[in-house]
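Containing PDB, C-alpha atoms and all ligand atoms: input12.pdb.
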```pdb
ATOM      1  CA  MET A   1      22.389  10.763 -17.932  1.00  0.00           C
ATOM      2  CA  THR A   2      25.775   9.037 -17.690  1.00  0.00           C
ATOM      3  CA  ALA A   3      26.565   6.573 -14.898  1.00  0.00           C
ATOM      4  CA  ALA A   4      27.201   8.032 -11.451  1.00  0.00           C
ATOM      5  CA  PRO A   5      30.920   8.296 -10.684  1.00  0.00           C
ATOM      6  CA  ALA A   6      32.019   5.831  -8.037  1.00  0.00           C
ATOM      7  CA  ARG A   7      32.387   6.896  -4.420  1.00  0.00           C
ATOM      8  CA  VAL A   8      31.809  10.602  -4.558  1.00  0.00           C
ATOM      9  CA  THR A   9      31.084  12.112  -1.159  1.00  0.00           C
ATOM     10  CA  ILE A  10      28.812  15.123  -1.083  1.00  0.00           C
ATOM     11  CA  ALA A  11      29.128  17.086   2.121  1.00  0.00           C
ATOM     12  CA  PRO A  12      28.802  20.567   3.577  1.00  0.00           C
ATOM     13  CA  LEU A  13      32.152  22.369   3.722  1.00  0.00           C
ATOM     14  CA  THR A  14      33.004  24.350   6.800  1.00  0.00           C
ATOM     15  CA  ALA A  15      34.500  27.794   6.201  1.00  0.00           C
ATOM     16  CA  ARG A  16      37.909  26.379   7.181  1.00  0.00           C
ATOM     17  CA  ALA A  17      37.653  23.459   4.717  1.00  0.00           C
ATOM     18  CA  PHE A  18      36.432  25.761   1.963  1.00  0.00           C
ATOM     19  CA  LEU A  19      39.317  28.178   2.481  1.00  0.00           C
ATOM     20  CA  ASP A  20      41.801  25.289   2.623  1.00  0.00           C
ATOM     21  CA  ARG A  21      40.462  24.116  -0.735  1.00  0.00           C
ATOM     22  CA  LEU A  22      39.957  27.577  -2.215  1.00  0.00           C
ATOM     23  CA  THR A  23      42.373  27.178  -5.144  1.00  0.00           C
ATOM     24  CA  GLU A  24      40.904  23.748  -5.901  1.00  0.00           C
ATOM     25  CA  ALA A  25      37.363  25.149  -5.760  1.00  0.00           C
ATOM     26  CA  LEU A  26      38.332  28.004  -8.071  1.00  0.00           C
ATOM     27  CA  SER A  27      39.905  25.475 -10.450  1.00  0.00           C
ATOM     28  CA  VAL A  28      36.603  23.596 -10.619  1.00  0.00           C
ATOM     29  CA  TYR A  29      34.912  26.917 -11.356  1.00  0.00           C
ATOM     30  CA  VAL A  30      37.234  28.044 -14.177  1.00  0.00           C
ATOM     31  CA  THR A  31      37.308  24.574 -15.745  1.00  0.00           C
ATOM     32  CA  ALA A  32      33.512  24.205 -15.653  1.00  0.00           C
ATOM     33  CA  MET A  33      32.937  27.718 -17.000  1.00  0.00           C
ATOM     34  CA  GLY A  34      35.772  27.580 -19.556  1.00  0.00           C
ATOM     35  CA  TYR A  35      37.412  30.684 -18.102  1.00  0.00           C
ATOM     36  CA  PRO A  36      41.149  31.392 -18.345  1.00  0.00           C
ATOM     37  CA  ARG A  37      43.327  30.044 -15.548  1.00  0.00           C
ATOM     38  CA  SER A  38      44.219  33.615 -14.487  1.00  0.00           C
ATOM     39  CA  THR A  39      40.652  33.939 -13.188  1.00  0.00           C
ATOM     40  CA  VAL A  40      41.615  31.752 -10.213  1.00  0.00           C
ATOM     41  CA  ARG A  41      43.837  34.461  -8.742  1.00  0.00           C
ATOM     42  CA  GLN A  42      41.499  37.286  -9.698  1.00  0.00           C
ATOM     43  CA  ARG A  43      38.498  35.685  -8.014  1.00  0.00           C
ATOM     44  CA  ALA A  44      40.166  34.411  -4.852  1.00  0.00           C
ATOM     45  CA  PRO A  45      39.772  37.612  -2.752  1.00  0.00           C
ATOM     46  CA  LEU A  46      36.067  37.839  -3.609  1.00  0.00           C
ATOM     47  CA  TRP A  47      35.343  34.217  -2.691  1.00  0.00           C
ATOM     48  CA  ARG A  48      37.298  34.718   0.553  1.00  0.00           C
ATOM     49  CA  GLU A  49      35.238  37.788   1.361  1.00  0.00           C
ATOM     50  CA  HIS A  50      31.970  35.942   0.635  1.00  0.00           C
ATOM     51  CA  VAL A  51      32.769  33.400   3.364  1.00  0.00           C
ATOM     52  CA  ARG A  52      32.236  36.147   5.949  1.00  0.00           C
ATOM     53  CA  ARG A  53      28.758  37.082   4.720  1.00  0.00           C
ATOM     54  CA  PRO A  54      25.706  36.207   6.850  1.00  0.00           C
ATOM     55  CA  GLY A  55      24.168  32.875   5.958  1.00  0.00           C
ATOM     56  CA  TRP A  56      27.200  31.686   3.955  1.00  0.00           C
ATOM     57  CA  ARG A  57      27.247  27.926   3.344  1.00  0.00           C
ATOM     58  CA  ALA A  58      29.061  25.643   0.929  1.00  0.00           C
ATOM     59  CA  VAL A  59      28.923  22.050  -0.276  1.00  0.00           C
ATOM     60  CA  GLY A  60      31.613  20.013  -2.000  1.00  0.00           C
ATOM     61  CA  ALA A  61      31.616  16.802  -4.046  1.00  0.00           C
ATOM     62  CA  ILE A  62      34.812  14.932  -3.229  1.00  0.00           C
ATOM     63  CA  ASP A  63      36.015  11.843  -5.071  1.00  0.00           C
ATOM     64  CA  ALA A  64      37.796   8.767  -3.705  1.00  0.00           C
ATOM     65  CA  ASP A  65      41.198  10.449  -4.246  1.00  0.00           C
ATOM     66  CA  ASP A  66      40.096  13.429  -2.117  1.00  0.00           C
ATOM     67  CA  ARG A  67      39.769  15.679  -5.174  1.00  0.00           C
ATOM     68  CA  LEU A  68      37.017  18.256  -5.383  1.00  0.00           C
ATOM     69  CA  THR A  69      34.846  17.499  -8.430  1.00  0.00           C
ATOM     70  CA  GLY A  70      31.980  19.848  -7.633  1.00  0.00           C
ATOM     71  CA  VAL A  71      31.390  22.884  -5.469  1.00  0.00           C
ATOM     72  CA  ALA A  72      28.557  25.242  -4.603  1.00  0.00           C
ATOM     73  CA  TYR A  73      28.121  28.108  -2.200  1.00  0.00           C
ATOM     74  CA  GLY A  74      25.904  31.046  -1.434  1.00  0.00           C
ATOM     75  CA  TYR A  75      24.740  33.369   1.341  1.00  0.00           C
ATOM     76  CA  ARG A  76      21.790  35.459   2.430  1.00  0.00           C
ATOM     77  CA  GLY A  77      21.175  38.238  -0.046  1.00  0.00           C
ATOM     78  CA  THR A  78      20.570  41.747   1.154  1.00  0.00           C
ATOM     79  CA  HIS A  79      20.765  45.359   0.024  1.00  0.00           C
ATOM     80  CA  GLY A  80      24.231  46.844  -0.177  1.00  0.00           C
ATOM     81  CA  GLN A  81      25.563  43.699  -1.869  1.00  0.00           C
ATOM     82  CA  TRP A  82      26.607  44.272  -5.474  1.00  0.00           C
ATOM     83  CA  TRP A  83      24.523  41.397  -6.913  1.00  0.00           C
ATOM     84  CA  HIS A  84      21.408  42.351  -4.934  1.00  0.00           C
ATOM     85  CA  ASP A  85      21.610  45.986  -5.978  1.00  0.00           C
ATOM     86  CA  GLU A  86      22.206  45.022  -9.616  1.00  0.00           C
ATOM     87  CA  VAL A  87      19.154  42.749  -9.673  1.00  0.00           C
ATOM     88  CA  ARG A  88      17.069  45.444  -7.981  1.00  0.00           C
ATOM     89  CA  ARG A  89      18.201  47.922 -10.644  1.00  0.00           C
ATOM     90  CA  GLY A  90      17.262  45.454 -13.396  1.00  0.00           C
ATOM     91  CA  LEU A  91      13.847  44.677 -11.925  1.00  0.00           C
ATOM     92  CA  THR A  92      13.087  48.364 -11.458  1.00  0.00           C
ATOM     93  CA  ALA A  93      14.182  49.248 -15.002  1.00  0.00           C
ATOM     94  CA  ALA A  94      12.187  46.371 -16.480  1.00  0.00           C
ATOM     95  CA  HIS A  95       9.113  47.360 -14.438  1.00  0.00           C
ATOM     96  CA  ARG A  96       8.916  43.699 -13.451  1.00  0.00           C
ATOM     97  CA  ASP A  97       6.633  42.804 -10.618  1.00  0.00           C
ATOM     98  CA  GLY A  98       9.463  40.938  -8.968  1.00  0.00           C
ATOM     99  CA  LEU A  99      10.915  43.068  -6.203  1.00  0.00           C
ATOM    100  CA  GLY A 100       9.209  40.796  -3.649  1.00  0.00           C
ATOM    101  CA  TRP A 101      11.784  38.125  -4.516  1.00  0.00           C
ATOM    102  CA  LEU A 102      14.434  40.309  -2.904  1.00  0.00           C
ATOM    103  CA  ALA A 103      12.744  40.409   0.500  1.00  0.00           C
ATOM    104  CA  ASP A 104      14.144  37.161   1.927  1.00  0.00           C
ATOM    105  CA  TYR A 105      16.361  35.031  -0.278  1.00  0.00           C
ATOM    106  CA  PHE A 106      19.479  32.893  -0.400  1.00  0.00           C
ATOM    107  CA  GLU A 107      21.791  33.833  -3.272  1.00  0.00           C
ATOM    108  CA  LEU A 108      23.123  30.745  -5.018  1.00  0.00           C
ATOM    109  CA  THR A 109      26.417  32.372  -5.934  1.00  0.00           C
ATOM    110  CA  GLU A 110      28.290  29.455  -7.496  1.00  0.00           C
ATOM    111  CA  LEU A 111      27.486  25.894  -8.611  1.00  0.00           C
ATOM    112  CA  HIS A 112      30.015  23.981 -10.673  1.00  0.00           C
ATOM    113  CA  VAL A 113      30.900  20.397 -11.527  1.00  0.00           C
ATOM    114  CA  LEU A 114      34.021  19.370 -13.445  1.00  0.00           C
ATOM    115  CA  PRO A 115      33.093  18.535 -17.064  1.00  0.00           C
ATOM    116  CA  ALA A 116      34.219  14.900 -16.717  1.00  0.00           C
ATOM    117  CA  ALA A 117      31.782  14.421 -13.827  1.00  0.00           C
ATOM    118  CA  GLN A 118      28.801  16.241 -15.336  1.00  0.00           C
ATOM    119  CA  GLY A 119      25.595  14.517 -16.373  1.00  0.00           C
ATOM    120  CA  ALA A 120      25.523  12.034 -13.496  1.00  0.00           C
ATOM    121  CA  GLY A 121      23.306  14.016 -11.151  1.00  0.00           C
ATOM    122  CA  LEU A 122      26.108  15.518  -9.056  1.00  0.00           C
ATOM    123  CA  GLY A 123      24.948  19.069  -9.708  1.00  0.00           C
ATOM    124  CA  GLU A 124      21.480  18.299  -8.404  1.00  0.00           C
ATOM    125  CA  ARG A 125      22.792  16.465  -5.336  1.00  0.00           C
ATOM    126  CA  VAL A 126      25.182  19.301  -4.471  1.00  0.00           C
ATOM    127  CA  LEU A 127      22.450  21.887  -4.915  1.00  0.00           C
ATOM    128  CA  ARG A 128      19.921  19.914  -2.863  1.00  0.00           C
ATOM    129  CA  MET A 129      22.357  19.598   0.001  1.00  0.00           C
ATOM    130  CA  LEU A 130      23.240  23.285  -0.146  1.00  0.00           C
ATOM    131  CA  LEU A 131      19.580  24.299   0.053  1.00  0.00           C
ATOM    132  CA  HIS A 132      18.573  21.725   2.649  1.00  0.00           C
ATOM    133  CA  ASP A 133      17.317  23.483   5.795  1.00  0.00           C
ATOM    134  CA  CYS A 134      18.138  26.875   4.279  1.00  0.00           C
ATOM    135  CA  PRO A 135      16.150  29.366   6.369  1.00  0.00           C
ATOM    136  CA  SER A 136      15.413  31.833   3.512  1.00  0.00           C
ATOM    137  CA  ARG A 137      12.016  32.012   1.840  1.00  0.00           C
ATOM    138  CA  SER A 138      13.474  31.547  -1.640  1.00  0.00           C
ATOM    139  CA  VAL A 139      16.654  30.999  -3.645  1.00  0.00           C
ATOM    140  CA  LEU A 140      17.839  33.275  -6.451  1.00  0.00           C
ATOM    141  CA  LEU A 141      20.669  32.878  -8.949  1.00  0.00           C
ATOM    142  CA  SER A 142      21.941  34.383 -12.167  1.00  0.00           C
ATOM    143  CA  THR A 143      23.169  32.389 -15.120  1.00  0.00           C
ATOM    144  CA  PRO A 144      24.251  33.337 -18.649  1.00  0.00           C
ATOM    145  CA  GLU A 145      21.263  33.511 -20.991  1.00  0.00           C
ATOM    146  CA  LEU A 146      20.532  30.452 -23.108  1.00  0.00           C
ATOM    147  CA  ASP A 147      22.870  30.417 -26.088  1.00  0.00           C
ATOM    148  CA  PRO A 148      22.442  27.827 -28.855  1.00  0.00           C
ATOM    149  CA  ARG A 149      26.240  27.653 -29.164  1.00  0.00           C
ATOM    150  CA  SER A 150      26.825  26.412 -25.614  1.00  0.00           C
ATOM    151  CA  PRO A 151      25.339  23.524 -23.613  1.00  0.00           C
ATOM    152  CA  ALA A 152      22.225  24.267 -21.576  1.00  0.00           C
ATOM    153  CA  ARG A 153      23.141  22.001 -18.656  1.00  0.00           C
ATOM    154  CA  ALA A 154      22.653  24.580 -15.945  1.00  0.00           C
ATOM    155  CA  TRP A 155      19.328  25.591 -17.458  1.00  0.00           C
ATOM    156  CA  ARG A 156      18.146  21.993 -17.627  1.00  0.00           C
ATOM    157  CA  LEU A 157      19.017  21.489 -13.995  1.00  0.00           C
ATOM    158  CA  TYR A 158      17.369  24.703 -12.798  1.00  0.00           C
ATOM    159  CA  ARG A 159      14.195  24.138 -14.809  1.00  0.00           C
ATOM    160  CA  ARG A 160      14.001  20.531 -13.620  1.00  0.00           C
ATOM    161  CA  LEU A 161      14.081  21.832 -10.040  1.00  0.00           C
ATOM    162  CA  GLY A 162      11.345  24.372 -10.717  1.00  0.00           C
ATOM    163  CA  PHE A 163      13.276  27.635 -11.024  1.00  0.00           C
ATOM    164  CA  LEU A 164      11.195  30.420 -12.600  1.00  0.00           C
ATOM    165  CA  ASP A 165      12.148  33.549 -14.524  1.00  0.00           C
ATOM    166  CA  VAL A 166      12.676  36.565 -12.270  1.00  0.00           C
ATOM    167  CA  LEU A 167      14.504  38.736 -14.816  1.00  0.00           C
ATOM    168  CA  ARG A 168      15.681  37.926 -18.343  1.00  0.00           C
ATOM    169  CA  SER A 169      18.470  39.372 -20.469  1.00  0.00           C
ATOM    170  CA  HIS A 170      19.839  41.408 -17.592  1.00  0.00           C
ATOM    171  CA  GLN A 171      23.094  43.248 -18.194  1.00  0.00           C
ATOM    172  CA  PHE A 172      25.227  43.290 -15.048  1.00  0.00           C
ATOM    173  CA  VAL A 173      27.592  46.249 -14.889  1.00  0.00           C
ATOM    174  CA  GLY A 174      30.986  45.242 -16.256  1.00  0.00           C
ATOM    175  CA  ASP A 175      29.829  42.102 -18.110  1.00  0.00           C
ATOM    176  CA  PRO A 176      28.737  42.323 -21.761  1.00  0.00           C
ATOM    177  CA  ARG A 177      26.825  39.037 -21.636  1.00  0.00           C
ATOM    178  CA  PRO A 178      23.074  38.929 -20.988  1.00  0.00           C
ATOM    179  CA  PHE A 179      22.080  37.015 -17.859  1.00  0.00           C
ATOM    180  CA  ALA A 180      18.880  35.482 -16.567  1.00  0.00           C
ATOM    181  CA  VAL A 181      17.927  35.744 -12.920  1.00  0.00           C
ATOM    182  CA  LEU A 182      15.970  32.678 -11.813  1.00  0.00           C
ATOM    183  CA  GLY A 183      14.287  31.900  -8.528  1.00  0.00           C
ATOM    184  CA  ARG A 184      12.159  29.422  -6.662  1.00  0.00           C
ATOM    185  CA  ALA A 185      10.517  29.141  -3.276  1.00  0.00           C
ATOM    186  CA  LEU A 186      12.186  27.076  -0.564  1.00  0.00           C
ATOM    187  CA  PRO A 187      12.231  24.358   0.592  1.00  0.00           C
ATOM    188  CA  LEU A 188      12.813  22.219  -2.477  1.00  0.00           C
ATOM    189  CA  PRO A 189      10.349  19.347  -2.634  1.00  0.00           C
ATOM    190  CA  GLY A 190      11.763  15.856  -2.221  1.00  0.00           C
ATOM    191  CA  PRO A 191      13.495  13.890   0.497  1.00  0.00           C
ATOM    192  CA  PRO A 192      16.314  15.503   2.490  1.00  0.00           C
ATOM    193  CA  PRO A 193      19.685  14.524   1.024  1.00  0.00           C
ATOM    194  CA  PRO A 194      21.570  11.871   2.955  1.00  0.00           C
ATOM    195  CA  GLY A 195      24.966  13.167   3.882  1.00  0.00           C
ATOM    196  CA  PRO A 196      27.931  12.806   6.189  1.00  0.00           C
ATOM    197  CA  ASP A 197      29.055  15.358   8.734  1.00  0.00           C
ATOM    198  CA  PRO A 198      30.580  18.614   7.479  1.00  0.00           C
ATOM    199  CA  ILE A 199      34.109  18.315   6.156  1.00  0.00           C
TER     200      ILE A 199
HETATM  201  C1  LIG B 201      25.352  23.163 -14.224  1.00  0.00           C
HETATM  202  C2  LIG B 201      26.137  22.018 -13.628  1.00  0.00           C
HETATM  203  C3  LIG B 201      26.615  22.387 -12.243  1.00  0.00           C
HETATM  204  C4  LIG B 201      25.205  20.805 -13.515  1.00  0.00           C
HETATM  205  O1  LIG B 201      25.958  19.717 -12.972  1.00  0.00           O
HETATM  206  P1  LIG B 201      25.672  18.220 -13.440  1.00  0.00           P
HETATM  207  O2  LIG B 201      26.349  17.312 -12.483  1.00  0.00           O
HETATM  208  O3  LIG B 201      25.939  18.050 -14.874  1.00  0.00           O
HETATM  209  O4  LIG B 201      24.094  18.199 -13.151  1.00  0.00           O
HETATM  210  P2  LIG B 201      23.029  17.098 -13.396  1.00  0.00           P
HETATM  211  O5  LIG B 201      23.671  15.831 -13.909  1.00  0.00           O
HETATM  212  O6  LIG B 201      22.241  17.005 -12.127  1.00  0.00           O
HETATM  213  O7  LIG B 201      22.075  17.732 -14.519  1.00  0.00           O
HETATM  214  C5  LIG B 201      22.486  18.609 -15.536  1.00  0.00           C
HETATM  215  C6  LIG B 201      21.673  18.485 -16.817  1.00  0.00           C
HETATM  216  O8  LIG B 201      22.606  18.564 -17.905  1.00  0.00           O
HETATM  217  C7  LIG B 201      22.623  17.317 -18.596  1.00  0.00           C
HETATM  218  N1  LIG B 201      24.014  16.984 -18.905  1.00  0.00           N
HETATM  219  C8  LIG B 201      25.073  17.126 -18.106  1.00  0.00           C
HETATM  220  N2  LIG B 201      26.186  16.682 -18.734  1.00  0.00           N
HETATM  221  C9  LIG B 201      25.826  16.263 -19.959  1.00  0.00           C
HETATM  222  C10 LIG B 201      26.517  15.734 -21.062  1.00  0.00           C
HETATM  223  N3  LIG B 201      27.845  15.526 -21.055  1.00  0.00           N
HETATM  224  N4  LIG B 201      25.811  15.439 -22.162  1.00  0.00           N
HETATM  225  C11 LIG B 201      24.486  15.646 -22.195  1.00  0.00           C
HETATM  226  N5  LIG B 201      23.773  16.159 -21.173  1.00  0.00           N
HETATM  227  C12 LIG B 201      24.430  16.462 -20.061  1.00  0.00           C
HETATM  228  C13 LIG B 201      22.033  16.338 -17.606  1.00  0.00           C
HETATM  229  O9  LIG B 201      21.510  15.196 -18.271  1.00  0.00           O
HETATM  230  C14 LIG B 201      20.977  17.173 -16.962  1.00  0.00           C
HETATM  231  O10 LIG B 201      19.878  17.391 -17.817  1.00  0.00           O
HETATM  232  P3  LIG B 201      18.445  16.706 -17.568  1.00  0.00           P
HETATM  233  O11 LIG B 201      17.872  17.361 -16.346  1.00  0.00           O
HETATM  234  O12 LIG B 201      17.647  17.036 -18.771  1.00  0.00           O
HETATM  235  O13 LIG B 201      18.705  15.242 -17.373  1.00  0.00           O
HETATM  236  C15 LIG B 201      27.329  21.606 -14.514  1.00  0.00           C
HETATM  237  O14 LIG B 201      26.851  21.213 -15.761  1.00  0.00           O
HETATM  238  C16 LIG B 201      28.346  22.717 -14.679  1.00  0.00           C
HETATM  239  O15 LIG B 201      29.209  22.877 -13.840  1.00  0.00           O
HETATM  240  N6  LIG B 201      28.238  23.460 -15.798  1.00  0.00           N
HETATM  241  C17 LIG B 201      29.214  24.503 -16.127  1.00  0.00           C
HETATM  242  C18 LIG B 201      29.206  25.599 -15.109  1.00  0.00           C
HETATM  243  C19 LIG B 201      27.844  26.235 -14.973  1.00  0.00           C
HETATM  244  O16 LIG B 201      27.173  26.538 -15.945  1.00  0.00           O
HETATM  245  N7  LIG B 201      27.459  26.473 -13.714  1.00  0.00           N
HETATM  246  C20 LIG B 201      26.250  27.133 -13.396  1.00  0.00           C
HETATM  247  C21 LIG B 201      26.492  28.598 -13.546  1.00  0.00           C
HETATM  248  S1  LIG B 201      25.078  29.466 -12.996  1.00  0.00           S
END
```

Could you write out this structure as structure tokens?
Amino acid sequence: MTAAPARVTIAPLTARAFLDRLTEALSVYVTAMGYPRSTVRQRAPLWREHVRRPGWRAVGAIDADDRLTGVAYGYRGTHGQWWHDEVRRGLTAAHRDGLGWLADYFELTELHVLPAAQGAGLGERVLRMLLHDCPSRSVLLSTPELDPRSPARAWRLYRRLGFLDVLRSHQFVGDPRPFAVLGRALPLPGPPPPGPDPI
């Protein structure tokens, strides 16, 4: 791991603060994922809509110059949501004994740290704060399948925190890439993250 960046504040973001920083948050996302800049505008309505979903919560990592260097959010998953129904379809088709995961879970929708700030534990701290006191029985996420041509940072983080395979090589409608769906029971073991009041 590289040295922790100086004076980064990790704090829950209220819906208002998240929406105020929406373009910045989307910039972190496209930079971390290596997506084209045009994705910022395409994704904005969806992220705005997610804020209104039950159980929505977000956490930001903010540096000394008040710039967002990391962001994560999610909400309570339930039927009728595109992601939920896609995972249910995949589990059913794969005859996986995993439908129980869908009974009561928090969907970790996004988790991103700017490349320059990666490798210093920010991702774990952001994720721990997001999941702290989360009332769901478990947390689920999807991430692109391991690919030897790209770094496995997300995978290393999720495995380190005990995420298990729920579904592998799943093809979401409209995306040619294979994805893994990973999950783990909540709460995460370990001390509660220290943190300031919501921003
Ligand atoms: C996944 C992500 C949020 C993790 O954030 P992070 O701050 O790097 O997280 P951490 O430092 O807590 O740990 C990440 C792991 O990657 C490793 N890593 C991160 N940056 C690295 C680098 N530059 N060189 C080598 N290893 C690195 C860390 O050492 C750690 O591995 P370890 O558990 O074996 O020590 C971040 O890498 C990211 O935004 N990636 C691109 C977007 C993405 O894939 N998001 C998740 C989509 S589901």

Point out the residue among A:Gly80, A:Arg128, A:Ala32, A:Leu102 with the least atom-to-atom distance to ligand LIG 201 (chain B), counting all atoms listed in the file.
-> A:Ala32

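Residue selection for this entry, given the PyMOL selection byres (((not hetatm)) within 7 of (chain B and resi 201)), comprises Met1, Tyr29, Ala32, Met33, Glu110, Leu111, His112, Val113, Leu114, Pro115, Ala117, Gln118, Gly119, Ala120, Gly121, Leu122, Gly123, Glu124, Arg125, Leu141, Ser142, Thr143, Pro144, Ala152, Arg153, Ala154, Arg156, Leu157 and Arg160 of chain A.
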
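Nearest to Pro198 in chain A of all the residues A:Leu46, A:Leu167, A:Val30, A:Ala17 is A:Ala17, counting all atoms listed in the file.
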
Find the residues around Arg177 in chain A up to 9 Å (only C-alpha atoms counted), leave out those fewer than 5 positions away in its own chain, and share them as JSON, numbers by chain.
-> {"A": [144, 145, 169, 170, 171, 172]}

For each of A:Asp165, A:Asp20, A:Asp133, A:Asp147, take the minimum atom-to-atom distance to Pro178 in chain A, counting only C-alpha atoms, then give the residue where this is smallest.
->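 Answer, going by the shortest atom-to-atom distance: A:Asp147.
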
Nearest candidate to Trp101 in chain A (options A:Pro135, A:Pro148, A:Gly60, A:Gly183; using all atoms listed in the file) | A:Gly183

Could you pull the residues within 7 Å of Arg184 in chain A, counting only C-alpha atoms, minus those fewer than 6 positions along the same chain, as a ChimeraX atom specification?
-> /A:138-140,162-164

For Ile10 in chain A, list every protein, DNA or RNA residue within 10 Å, evaluated using all atoms listed in the file, and leave out those in the same chain fewer than 6 positions away; present the list as JSON, numbers by chain.
-> {"A": [59, 60, 61, 62, 63, 68, 69, 70, 71, 122, 125, 126, 129, 130, 193, 194, 195, 196, 197, 198, 199]}

Residue with smallest distance to Leu26 in chain A - pool A:Ala72, A:Val8, A:Ala185, A:Ala64, counting only C-alpha atoms =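 Selected residue with least distance to Leu26 in chain A: A:Ala72.
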
Separation of CA of Ala11 in chain A and CA of Trp155 in chain A, in Å?
->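 Separation between CA of Ala11 in chain A and CA of Trp155 in chain A: 23.5 Å.
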
Could you tell me which residues the PyMOL selection byres (((chain A and resi 137) around 6) and not hetatm) grabs in this file, written as a list in words?
-> Asp104, Tyr105, Ser136, Ser138 and Leu186 of chain A

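Between CA of Arg168 in chain A and CA of Val181 in chain A there is a distance of 6.3 Å.
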
Give the answer as one residue: which of A:Gly74, A:Leu131, A:Pro12, A:Gly98 has the shortest atom-to-atom distance to Glu49 in chain A, using all atoms listed in the file?
-> A:Gly74

Measure the distance from CA of Ala93 in chain A to CA of His50 in chain A in Å and round it to one decimal.
->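 Here the two named atoms are 27.2 Å from each other.
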
Test item: residues at most 10 Å from Trp47 in chain A, only C-alpha atoms, excluding those fewer than 4 positions along its chain, as a CSV table (one decimal) with C-alpha atoms, keeping the file's coordinate frame:
```csv
chain,number,residue,atom,x,y,z
A,18,PHE,CA,36.4,25.8,2.0
A,19,LEU,CA,39.3,28.2,2.5
A,22,LEU,CA,40.0,27.6,-2.2
A,25,ALA,CA,37.4,25.1,-5.8
A,26,LEU,CA,38.3,28.0,-8.1
A,42,GLN,CA,41.5,37.3,-9.7
A,43,ARG,CA,38.5,35.7,-8.0
A,51,VAL,CA,32.8,33.4,3.4
A,52,ARG,CA,32.2,36.1,5.9
A,73,TYR,CA,28.1,28.1,-2.2
A,109,THR,CA,26.4,32.4,-5.9
A,110,GLU,CA,28.3,29.5,-7.5
```

Adding 3 Å on each side of the box along x, y and z that holds all listed atoms of range 12-23 of chain A, could you give its centre and edge lengths in Å to one decimal, as AutoDock Vina command-line options?
```
--center_x 35.6 --center_y 24.4 --center_z 1.0 --size_x 19.6 --size_y 13.6 --size_z 18.3
```

Counting all atoms listed in the file, select every polymer residue within 12 Å of (20.2, 47.4, -2.3) as defined in the file's coordinates, and provide the selection as a list in words.
->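 Neighbouring residues, ordered by chain and number, come to Gly77, Thr78, His79, Gly80, Gln81, Trp82, Trp83, His84, Asp85, Glu86, Val87, Arg88, Arg89, Gly90, Leu91, Thr92, Leu99, Leu102 and Ala103 of chain A.
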